[in-house]
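Coordinates as given in data-v3.cif (mmCIF, C-alpha atoms):
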```cif
data_data
#
loop_
_atom_site.label_atom_id
_atom_site.label_comp_id
_atom_site.auth_asym_id
_atom_site.auth_seq_id
_atom_site.Cartn_x
_atom_site.Cartn_y
_atom_site.Cartn_z
CA MET A 1 -18.94 10.43 -24.29
CA ALA A 2 -22.52 9.48 -23.44
CA LYS A 3 -24.23 7.31 -26.00
CA ILE A 4 -27.79 6.66 -27.02
CA VAL A 5 -28.66 3.02 -26.34
CA PRO A 6 -31.82 1.99 -28.23
CA GLY A 7 -34.45 -0.24 -26.73
CA TYR A 8 -34.78 -1.91 -23.34
CA ARG A 9 -32.65 -5.01 -23.87
CA ASN A 10 -29.84 -3.97 -21.57
CA LEU A 11 -31.95 -2.12 -19.02
CA LYS A 12 -32.17 -4.77 -16.30
CA ASN A 13 -28.40 -5.27 -16.30
CA MET A 14 -27.67 -1.59 -15.73
CA ALA A 15 -27.39 0.09 -12.36
CA TYR A 16 -29.81 3.00 -12.00
CA ASP A 17 -28.14 6.29 -12.91
CA PRO A 18 -30.15 9.46 -12.24
CA GLY A 19 -28.22 11.03 -15.11
CA LYS A 20 -29.87 8.70 -17.61
CA LEU A 21 -33.50 8.86 -18.65
CA LEU A 22 -35.73 6.50 -20.58
CA LEU A 23 -37.72 8.48 -23.13
CA ASN A 24 -39.74 7.04 -26.01
CA GLY A 25 -37.79 3.79 -26.00
CA GLU A 26 -34.33 5.35 -25.80
CA LEU A 27 -31.83 5.51 -22.98
CA ALA A 28 -30.36 8.98 -23.36
CA ALA A 29 -27.78 11.10 -21.60
CA SER A 30 -29.29 13.90 -19.54
CA ARG A 31 -28.48 17.54 -20.02
CA GLY A 32 -25.95 17.20 -17.23
CA ALA A 33 -23.44 15.67 -19.67
CA ARG A 34 -20.54 18.05 -20.26
CA THR A 35 -19.19 17.15 -23.66
CA ALA A 36 -20.44 19.10 -26.64
CA SER A 37 -21.27 15.94 -28.56
CA SER A 38 -23.60 14.82 -25.77
CA GLN A 39 -25.69 17.99 -25.90
CA ARG A 40 -28.16 16.30 -28.22
CA PRO A 41 -31.62 17.42 -26.97
CA LEU A 42 -33.97 14.85 -25.48
CA ARG A 43 -37.08 14.19 -27.50
CA GLY A 44 -39.80 16.48 -26.23
CA LEU A 45 -37.43 18.43 -23.98
CA PRO A 46 -38.33 22.14 -23.77
CA ARG A 47 -36.00 24.33 -25.78
CA SER A 48 -33.19 26.25 -24.13
CA GLY A 49 -34.31 29.52 -22.69
CA THR A 50 -37.75 28.34 -21.65
CA ASP A 51 -39.01 28.37 -18.09
CA PRO A 52 -36.58 26.27 -15.93
CA GLY A 53 -39.52 25.05 -13.90
CA LEU A 54 -41.05 23.51 -17.00
CA GLU A 55 -37.80 21.76 -17.80
CA ILE A 56 -37.58 20.39 -14.24
CA GLU A 57 -41.12 19.03 -14.44
CA PHE A 58 -40.28 17.38 -17.75
CA LEU A 59 -37.23 15.68 -16.27
CA ARG A 60 -39.18 14.51 -13.24
CA ALA A 61 -41.85 12.98 -15.45
CA ALA A 62 -39.19 11.27 -17.56
CA ASN A 63 -37.53 9.88 -14.45
CA ALA A 64 -40.88 8.56 -13.19
CA ARG A 65 -41.41 6.79 -16.53
CA LEU A 66 -37.98 5.23 -16.23
CA MET A 67 -38.70 3.92 -12.75
CA ARG A 68 -41.99 2.42 -13.92
CA GLU A 69 -40.19 0.65 -16.75
CA VAL A 70 -37.57 -0.72 -14.36
CA THR A 71 -40.27 -1.95 -11.98
CA ALA A 72 -42.19 -3.63 -14.81
CA LEU A 73 -39.05 -5.41 -16.01
CA LYS A 74 -38.26 -6.65 -12.51
CA GLU A 75 -41.81 -7.95 -12.10
CA ARG A 76 -41.61 -9.72 -15.44
CA GLU A 77 -38.29 -11.28 -14.49
CA ALA A 78 -39.82 -12.57 -11.24
CA GLN A 79 -42.73 -14.07 -13.19
CA VAL A 80 -40.39 -15.87 -15.58
CA LEU A 81 -38.34 -17.27 -12.70
CA GLU A 82 -41.52 -18.46 -10.97
CA LEU A 83 -42.69 -20.25 -14.11
CA ALA A 84 -39.31 -21.94 -14.41
CA ASP A 85 -39.84 -23.47 -10.94
CA ARG A 86 -43.34 -24.82 -11.64
CA ASP A 87 -44.77 -27.85 -13.38
CA GLY A 88 -46.70 -26.67 -16.40
CA LEU A 89 -49.65 -29.03 -15.87
CA THR A 90 -50.31 -29.07 -12.13
CA GLY A 91 -48.73 -25.80 -11.01
CA LEU A 92 -46.76 -27.67 -8.35
CA PHE A 93 -43.04 -27.19 -7.87
CA ASN A 94 -41.05 -29.14 -10.45
CA ARG A 95 -38.23 -31.59 -9.79
CA ARG A 96 -35.46 -29.02 -10.08
CA ARG A 97 -37.08 -26.71 -7.57
CA MET A 98 -37.96 -29.62 -5.30
CA THR A 99 -34.29 -30.53 -4.97
CA ASP A 100 -33.44 -26.96 -3.98
CA LEU A 101 -36.24 -26.87 -1.42
CA LEU A 102 -35.19 -30.22 0.06
CA ASP A 103 -31.58 -29.09 0.32
CA SER A 104 -32.70 -25.91 2.09
CA ALA A 105 -34.94 -27.84 4.48
CA ILE A 106 -32.07 -30.19 5.37
CA ALA A 107 -29.68 -27.27 5.96
CA GLU A 108 -32.23 -25.56 8.21
CA ALA A 109 -32.87 -28.78 10.11
CA ALA A 110 -29.15 -29.29 10.65
CA ARG A 111 -28.82 -25.84 12.20
CA HIS A 112 -31.73 -26.33 14.59
CA TRP A 113 -31.54 -30.07 15.33
CA GLN A 114 -34.80 -30.76 13.53
CA ARG A 115 -36.11 -33.57 11.33
CA VAL A 116 -37.25 -33.50 7.71
CA GLY A 117 -39.69 -35.98 6.22
CA LEU A 118 -39.88 -36.97 2.57
CA LEU A 119 -42.82 -38.72 0.91
CA PHE A 120 -42.34 -40.36 -2.48
CA ILE A 121 -45.75 -40.99 -4.07
CA ASP A 122 -46.51 -43.17 -7.07
CA LEU A 123 -50.00 -43.76 -8.49
CA ASN A 124 -51.31 -47.27 -9.10
CA GLY A 125 -53.85 -47.57 -11.90
CA PHE A 126 -52.98 -44.33 -13.63
CA LYS A 127 -51.48 -45.91 -16.74
CA GLY A 128 -54.65 -47.91 -17.43
CA ILE A 129 -56.83 -44.79 -17.23
CA ASN A 130 -54.40 -42.83 -19.37
CA ASP A 131 -54.27 -45.56 -22.02
CA GLU A 132 -58.02 -46.16 -22.08
CA HIS A 133 -59.31 -42.58 -21.94
CA GLY A 134 -56.45 -40.60 -23.46
CA HIS A 135 -53.92 -38.05 -22.31
CA ALA A 136 -56.53 -35.36 -21.66
CA ALA A 137 -58.19 -37.60 -19.10
CA GLY A 138 -54.78 -38.48 -17.67
CA ASP A 139 -53.95 -34.79 -17.29
CA GLU A 140 -57.25 -34.22 -15.50
CA ILE A 141 -56.45 -37.05 -13.09
CA LEU A 142 -52.98 -35.67 -12.35
CA THR A 143 -54.35 -32.19 -11.73
CA THR A 144 -56.93 -33.57 -9.32
CA VAL A 145 -54.32 -35.67 -7.52
CA ALA A 146 -52.11 -32.59 -7.14
CA THR A 147 -55.02 -30.70 -5.56
CA ARG A 148 -55.85 -33.57 -3.21
CA ILE A 149 -52.26 -33.94 -2.03
CA SER A 150 -51.88 -30.20 -1.48
CA ALA A 151 -55.01 -30.19 0.67
CA ARG A 152 -53.45 -32.69 3.10
CA VAL A 153 -50.20 -30.93 3.99
CA ARG A 154 -49.23 -28.01 6.19
CA THR A 155 -48.73 -24.48 4.91
CA GLY A 156 -44.94 -24.78 5.15
CA ASP A 157 -44.71 -28.14 3.38
CA PHE A 158 -43.78 -28.46 -0.29
CA VAL A 159 -45.64 -30.56 -2.84
CA CYS A 160 -43.81 -31.31 -6.09
CA ARG A 161 -44.50 -33.24 -9.25
CA TYR A 162 -41.44 -35.41 -9.67
CA GLY A 163 -42.40 -36.62 -13.13
CA GLY A 164 -45.14 -38.62 -14.85
CA ASP A 165 -47.47 -39.91 -12.11
CA GLU A 166 -44.92 -39.49 -9.32
CA PHE A 167 -45.10 -36.80 -6.65
CA VAL A 168 -42.83 -35.80 -3.78
CA VAL A 169 -43.78 -34.04 -0.55
CA VAL A 170 -41.14 -32.33 1.60
CA LEU A 171 -42.06 -32.01 5.28
CA PRO A 172 -39.69 -29.52 6.97
CA ASN A 173 -39.43 -29.65 10.77
CA VAL A 174 -41.66 -32.71 11.09
CA PRO A 175 -41.73 -33.96 14.71
CA ASP A 176 -40.99 -37.62 14.06
CA GLU A 177 -41.57 -40.57 11.75
CA SER A 178 -45.06 -41.17 13.09
CA ALA A 179 -46.10 -37.65 12.08
CA ALA A 180 -44.73 -38.18 8.57
CA ARG A 181 -46.60 -41.50 8.33
CA ARG A 182 -49.84 -39.83 9.39
CA VAL A 183 -49.48 -37.30 6.58
CA ALA A 184 -48.82 -40.14 4.15
CA ASP A 185 -51.91 -42.00 5.40
CA THR A 186 -54.18 -38.99 4.89
CA ILE A 187 -52.77 -38.45 1.38
CA ARG A 188 -53.28 -42.11 0.50
CA GLU A 189 -56.91 -41.98 1.70
CA ARG A 190 -57.56 -38.79 -0.23
CA VAL A 191 -56.04 -40.08 -3.46
CA ALA A 192 -58.18 -43.24 -3.20
CA LEU A 193 -61.45 -41.26 -3.49
CA PRO A 194 -63.30 -41.78 -6.79
CA TYR A 195 -62.48 -39.85 -9.97
CA TRP A 196 -65.05 -39.16 -12.65
CA ILE A 197 -63.82 -39.31 -16.22
CA GLN A 198 -66.30 -38.93 -19.08
CA GLY A 199 -69.11 -39.94 -16.74
CA ASN A 200 -67.31 -43.05 -15.56
CA GLU A 201 -66.08 -43.64 -12.03
CA GLN A 202 -62.38 -44.39 -11.85
CA HIS A 203 -60.16 -45.41 -8.93
CA LEU A 204 -56.49 -45.00 -8.10
CA THR A 205 -54.34 -45.93 -5.15
CA ALA A 206 -51.07 -44.42 -4.00
CA ALA A 207 -47.90 -46.20 -2.93
CA ILE A 208 -46.02 -43.88 -0.58
CA GLY A 209 -42.46 -44.38 0.57
CA VAL A 210 -41.23 -42.36 3.55
CA SER A 211 -37.70 -41.37 4.48
CA MET A 212 -36.43 -39.14 7.27
CA TYR A 213 -33.53 -36.79 7.86
CA PRO A 214 -31.15 -37.44 9.57
CA GLN A 215 -31.62 -41.19 10.12
CA ASP A 216 -32.05 -42.08 6.44
CA GLY A 217 -29.42 -39.78 5.02
CA GLY A 218 -27.92 -36.32 5.14
CA SER A 219 -28.56 -35.18 1.57
CA ALA A 220 -31.49 -34.72 -0.80
CA GLU A 221 -30.17 -37.52 -3.01
CA GLU A 222 -30.00 -40.00 -0.11
CA LEU A 223 -33.50 -39.17 1.15
CA LEU A 224 -34.98 -39.49 -2.33
CA HIS A 225 -33.21 -42.80 -2.84
CA ARG A 226 -34.48 -44.28 0.43
CA ALA A 227 -38.05 -43.06 -0.05
CA ASP A 228 -38.06 -44.33 -3.63
CA LEU A 229 -36.91 -47.79 -2.51
CA ALA A 230 -39.56 -47.87 0.21
CA MET A 231 -42.24 -46.96 -2.31
CA TYR A 232 -40.99 -49.55 -4.77
CA ARG A 233 -41.23 -52.30 -2.14
CA LEU A 234 -44.90 -51.49 -1.74
CA LYS A 235 -45.60 -51.65 -5.45
CA THR A 236 -43.89 -55.01 -5.86
CA ARG A 237 -44.79 -56.80 -2.62
CA LEU A 238 -48.21 -55.56 -1.53
CA ALA A 239 -51.43 -56.00 -3.41
CA ARG A 240 -52.92 -53.02 -1.58
CA PRO A 241 -50.29 -50.28 -1.14
CA MET A 242 -49.97 -48.68 2.24
CA VAL A 243 -47.20 -46.61 3.79
CA SER A 244 -43.66 -47.90 4.20
CA LEU A 245 -40.74 -46.35 6.04
CA GLY A 246 -37.38 -46.10 4.33
CA THR A 247 -35.54 -47.05 7.52
CA ALA A 248 -35.84 -50.80 7.02
CA ARG A 249 -32.48 -52.50 7.39
CA GLN A 250 -32.90 -54.82 4.42
CA GLN A 251 -33.05 -52.75 1.23
CA PRO A 252 -33.92 -54.26 -2.15
CA PRO A 253 -31.44 -53.71 -4.96
CA SER A 254 -31.60 -50.20 -6.34
CA ARG A 255 -33.80 -50.16 -9.38
CA ARG A 256 -32.68 -48.46 -12.53
CA ARG A 257 -35.19 -45.72 -13.24
CA ASN A 258 -35.84 -44.16 -16.59
CA ASP A 259 -37.19 -40.79 -15.50
CA ASN A 260 -38.40 -39.99 -19.01
CA SER A 261 -40.30 -43.22 -19.48
CA LYS A 262 -43.48 -41.91 -17.88
CA SER A 263 -45.57 -39.16 -19.30
CA GLY A 264 -48.38 -37.24 -17.77
#
```
So that I can check it, write out the structure of this file as structure tokens.
Amino acid sequence: MAKIVPGYRNLKNMAYDPGKLLLNGELAASRGARTASSQRPLRGLPRSGTDPGLEIEFLRAANARLMREVTALKEREAQVLELADRDGLTGLFNRRRMTDLLDSAIAEAARHWQRVGLLFIDLNGFKGINDEHGHAAGDEILTTVATRISARVRTGDFVCRYGGDEFVVVLPNVPDESAARRVADTIRERVALPYWIQGNEQHLTAAIGVSMYPQDGGSAEELLHRADLAMYRLKTRLARPMVSLGTARQQPPSRRRNDNSKSG
């Protein structure tokens, strides 16, 4: 027995059935149903005995409305999924999506004997600006940094906001370490350009740690760990951060990171 199912809640989970039509917010059985109890007329359906051509046109229009509703729901679902992958402030990929992208880049590189570069970027001086001028100014800085980083990578590279004032860049199919370091250098130079907050000139620098697949690890977790350590060495040992490779033999003890301690 065909049933009336009100509303659209279950629509996207249902396979398309040409025997079902969406009319005025109801999913109804078509006239093709055989049981007597299912012969309930569709709202607006021409009465029995009228011109069959009119009835056919009505059913075609109803089917077209159904298809438009299905398409709209699919588009909305795609939009929601896209938002779930993006950082709400900068529009960059978020940490969860970054891990998926890095895993995919590593898998692709393994199949084709390629290399993957990873840049772990941390801003020096951001906390002082954020504390002095407020979170709105801090958000403006982070948005500008995101734009500057994105302008210095290739079309197929991925820029992500890792959290707080930390960013990650995934470089699929990068030729070698030198190429990854050149990208890091251009990002560091771009980030160091002046920022204007409330009419005042502000300056930041970027500490960038670099790691490479396969020499620094075979997983996203290993590459992130090595690049993070390389970046941390710069922040603790160099007064003026530059670029450091994660391939150094002597690694400092792994720092315990509180990923929620920083805020944008």
| message | Excluding stretch 176-186 of chain A and its own-chain neighbours fewer than 6 positions away, which residues fall within 7 Å of it when counting all atoms listed in the file? Please give them as a list in words. | response |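 Once the adjacent positions are removed, what remains is Arg115, Gly117, Leu119, Arg152, Val153, Ile208, Met212 and Val243 of chain A.
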Distance query A:Gly218 at most 10 Å, all atoms listed in the file, self and fewer than 4 positions along chain excluded, as an mmCIF file with C-alpha atoms, keeping the file's coordinate frame:
```cif
data_model
loop_
_atom_site.group_PDB
_atom_site.id
_atom_site.type_symbol
_atom_site.label_atom_id
_atom_site.label_comp_id
_atom_site.auth_asym_id
_atom_site.auth_seq_id
_atom_site.Cartn_x
_atom_site.Cartn_y
_atom_site.Cartn_z
ATOM 1 C CA ASP A 103 -31.580 -29.090 0.320
ATOM 2 C CA ILE A 106 -32.070 -30.190 5.370
ATOM 3 C CA ALA A 107 -29.680 -27.270 5.960
ATOM 4 C CA ALA A 110 -29.150 -29.290 10.650
ATOM 5 C CA MET A 212 -36.430 -39.140 7.270
ATOM 6 C CA TYR A 213 -33.530 -36.790 7.860
ATOM 7 C CA PRO A 214 -31.150 -37.440 9.570
ATOM 8 C CA GLU A 222 -30.000 -40.000 -0.110
ATOM 9 C CA LEU A 223 -33.500 -39.170 1.150
#
```
| request: Find the residue from A:Ile56, A:Leu204, A:Leu118, A:Leu102 that sits nearest to A:Leu142; use all atoms listed in the file when measuring. | output: A:Leu204
| request: Point out the residue among A:Leu73, A:Leu89, A:Leu193, A:Ala105 with the least atom-to-atom distance to A:Ala146, counting only C-alpha atoms. | output: A:Leu89
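Distance-wise, atom CA of A:Glu201 and atom CA of A:Leu92 end up 25.3 Å apart.
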| message | Please report the interatomic distance between atom CA of A:Ser150 and atom CA of A:His133 in Å with one decimal. | response | 25.0 Å
| said: Between atom CA of A:Val116 and atom CA of A:Ser211, what distance in Å does the model show, to one decimal? | reply: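 Straight-line distance from atom CA of A:Val116 to atom CA of A:Ser211 works out to 8.5 Å.
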| request: Run the PyMOL selection byres ((chain A and resi 90) around 10) against the file shown and list the residues it catches, as an NGL selection string. | output: :A and (86-89 or 91-94 or 139-140 or 142-147 or 160-161)
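Remark: for A:Glu108, the closest of the candidate residues A:Arg233, A:Ser219, A:Ala62, A:Pro172 is A:Pro172 (distances computed over only C-alpha atoms).
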| request: Go through A:Leu101, A:Ala136, A:Val70, A:Ala207 and flag the residue nearest A:Val170, using only C-alpha atoms for the distances. | output: A:Leu101
| Which of these residues is nearest to A:Leu123, using only C-alpha atoms: A:Leu224, A:Val159, A:Val169, A:Val191? |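 Closest to A:Leu123, using only C-alpha atoms: A:Val191.
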| said: Ranking A:Ala72, A:Asp100, A:Asp122, A:Arg95 by minimum distance to A:Ala220 and counting all atoms listed in the file, which one comes first? | reply: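 Closest to A:Ala220, using all atoms listed in the file: A:Asp100.
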